[in-house]
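Participant: Have a look at this one.
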Amino acid sequence: MDPGQTRPPGSPARPYPRPGPDQLVVRNRAVAINPLDWIIQVEGSLTYGWLRYPTVLGADVAGEVVEVGTEVTRFRVGDRVIGHAVGTDKDSNSAAEGAFQHYTAVSEKMACPLPDAMPFEDAVVLPLAVSTAACGLFQTGHLGLRHPSANPEPTGQTVLVWGGSTSAGSNAVQLAVAAGYEVVTTASPRNFDYVRALGASAVFDYNSPTVVPDIIEAFQGRTLAGAIAFGATSAASCVRIVRKCRGKKFVALATAPVPFERLGDPDRGRFAFPRLLASLIGANVALQFAARTRGVGLKFIFGTTLKANEVGTAIYRDFLPAALADGRYLAAPKPMVVGKSLDDIQAALDLQRGGVSAAKVVVTLP
């Protein structure tokens with residue numbers, strides 16, 4: 001798919017993707033939309049310059065297994081699964097591994113079986129959000145927290161999740177709680193009950209002019225296990241908070257410190273991209289300087305790196321299947337189903353770019 005197009009005019013249908021030895025092919029019944037999808041579409045040269053076009057975007061799939069590779073042991077044909085498709089990764093760069101098509105090749109390590117009672121459109125909200133949250137929380141080089149389990153012992157430490165009602169934030173709250181950590185988070189007031197239901201013990205309005213000192217006060221008597229930040233304005237606030245807390249002074253950052261939404265505007269102007277690039281560089285330099293001078297560690301999350309380390313196995317094999325089956329882990333946020341065919345993908349991308357709250361845009365497939 002070329003940037004700016006969902007399906008190149010006149011292009012033939014993609015061939016059926018044969019699985020590699022450690023892959024399964026999923027017949028997709030639902031796919032979900034993430035901000036990264038439209039960002040690559042409108043300005044892939046900035047974010048994913050290595051991609052070969054035409055390609056297929058999308059990371060979240062849910063459906064039935066129709067074929068397995070020779071080394072696959074956890075799945076068989078007919079199984080209901082979710083999978084994190086990684087076709088846009090530099091080491092994959094494969095249209096066969098993109099989500100926005102009827103059949104997608106997914107790594108066994110990045111797939112999870114689904115309970116029979118869980119609808120595909122509910123489950124498909126999970127993969128990229130789970131992966132992103134898990135990378136920030138559990139990987140060495142980020143927060144390096146203890147892994148989640150069925151019966152976690154309390155650690156006596158607290159994680160700050162900035163943006164708890166976002167897609168990845170919703171999963172960061174649940175994963176941290178499942179690992180035995182208390183969670184303090186932020187959301188808009190209309191989503192306070194939502195994030196509390198996910199396990200957060202305290203929630204603050206991120207738009208409040210006193211949110212930073214209020215959270216610092218809340219951490220008096222608590223030991224910080226680190227912070228994970230979602231949202232373009234989250235990083236600077238987290239740095240200010242973390243430097244004042246007792247414990248691990250580290251922020252795992254999932255979002256660039258400048259908004260990308262205007263890049264998709266048809267009247268954005270010829271200088272929109274150079275201005276964004278300059279703003280991005282400037283904001284990153286300022287952020288890194290602020291963190292370093294305050295003794296705070298800061299590192300960006302790349303949400304597929306867990307495919308190459310023990311965190312992927314800990315989440316997709318050891319924790320999530322049983323947690324979903326037992327109802328201990330919720331498919332969150334709720335799906336916002338906006339279409340029923342691949343022809344609806346572009347409208348779904350446009351809707352997601354406009355912003356949604358405590359929901360994830362989903363397209364079901366026949």
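Ligands are numbered from 1 in the order shown, chains are lettered A, B, ... in the order of the structure tokens, and residues start at 1 in each chain.
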Just asking: which residues within stretch 134-237 of chain A are helix (DSSP H, G or I) according to DSSP, as an MDAnalysis selection string?

Facilitator: chainID A and resid 134:138 167:178 189:198 211:218 234:237

Participant: Quick one: residues within 12 Å of A:Ala325, only C-alpha atoms counted, chain neighbours fewer than 6 positions away excluded, as a list in words?

Facilitator: Cys112, Pro113, Leu114, Pro115, Asp116, Ala117, Met118, Ala123, Ala150, Phe319 and Ala331 of chain A

Participant: Produce a file of the selected residues containing N, CA and C atoms, as a CSV table (one decimal), in the first residue's frame.

Facilitator:
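So the final result, stored in result23.csv, reads:
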chain,number,residue,atom,x,y,z
A,112,CYS,N,-2.0,-15.6,20.6
A,112,CYS,CA,-2.6,-16.1,21.8
A,112,CYS,C,-3.9,-16.7,21.5
A,113,PRO,N,-4.2,-17.9,22.1
A,113,PRO,CA,-5.5,-18.5,21.9
A,113,PRO,C,-6.6,-17.7,22.6
A,114,LEU,N,-7.8,-17.8,22.0
A,114,LEU,CA,-9.0,-17.1,22.5
A,114,LEU,C,-10.0,-18.0,23.2
A,115,PRO,N,-10.6,-17.6,24.3
A,115,PRO,CA,-11.7,-18.4,24.8
A,115,PRO,C,-12.9,-18.4,23.7
A,116,ASP,N,-13.6,-19.5,23.7
A,116,ASP,CA,-14.7,-19.6,22.7
A,116,ASP,C,-15.7,-18.5,22.8
A,117,ALA,N,-15.9,-18.1,24.1
A,117,ALA,CA,-17.0,-17.1,24.3
A,117,ALA,C,-16.6,-15.6,24.0
A,118,MET,N,-15.3,-15.4,23.7
A,118,MET,CA,-14.9,-14.0,23.4
A,118,MET,C,-15.0,-13.7,22.0
A,123,ALA,N,-11.7,-9.1,21.2
A,123,ALA,CA,-10.4,-9.5,21.4
A,123,ALA,C,-9.3,-8.8,20.6
A,150,ALA,N,-0.7,-15.5,37.6
A,150,ALA,CA,-2.1,-15.7,38.1
A,150,ALA,C,-2.3,-15.2,39.5
A,319,PHE,N,1.2,-16.0,30.2
A,319,PHE,CA,0.2,-15.3,31.0
A,319,PHE,C,-1.1,-15.1,30.4
A,331,ALA,N,-10.5,-7.6,27.8
A,331,ALA,CA,-10.2,-7.1,26.5
A,331,ALA,C,-10.5,-5.6,26.5

Participant: For A:Leu198, find every residue with an atom within 12 Å (counting only C-alpha atoms), except residues of its own chain fewer than 5 positions away, and show them as a PyMOL selection string.

Facilitator: chain A and resi 164-165+169-178+182-185+191-193+203+328-333+358

Participant: Which residue gives the smallest distance to A:Lys244 among A:Val124, A:Ile39, A:Val56, A:Ile215, with only C-alpha atoms counted?

Facilitator: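 Distance minimum relative to A:Lys244 lands on A:Ile215.
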
Participant: Have a look at A:Lys249, A:Arg222, A:Arg52, A:Arg190 and name the one nearest to A:Ala95; count only C-alpha atoms.

Facilitator: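 Among A:Lys249, A:Arg222, A:Arg52, A:Arg190, it is A:Arg52 that comes nearest to A:Ala95.
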
Participant: A:Gly87: which residues within 12 Å, counting only C-alpha atoms, same-chain residues fewer than 2 positions away excluded, as number ranges by chain?

Facilitator: A: 17, 37, 48, 50-53, 55-60, 83-85, 89-101, 104-107, 304
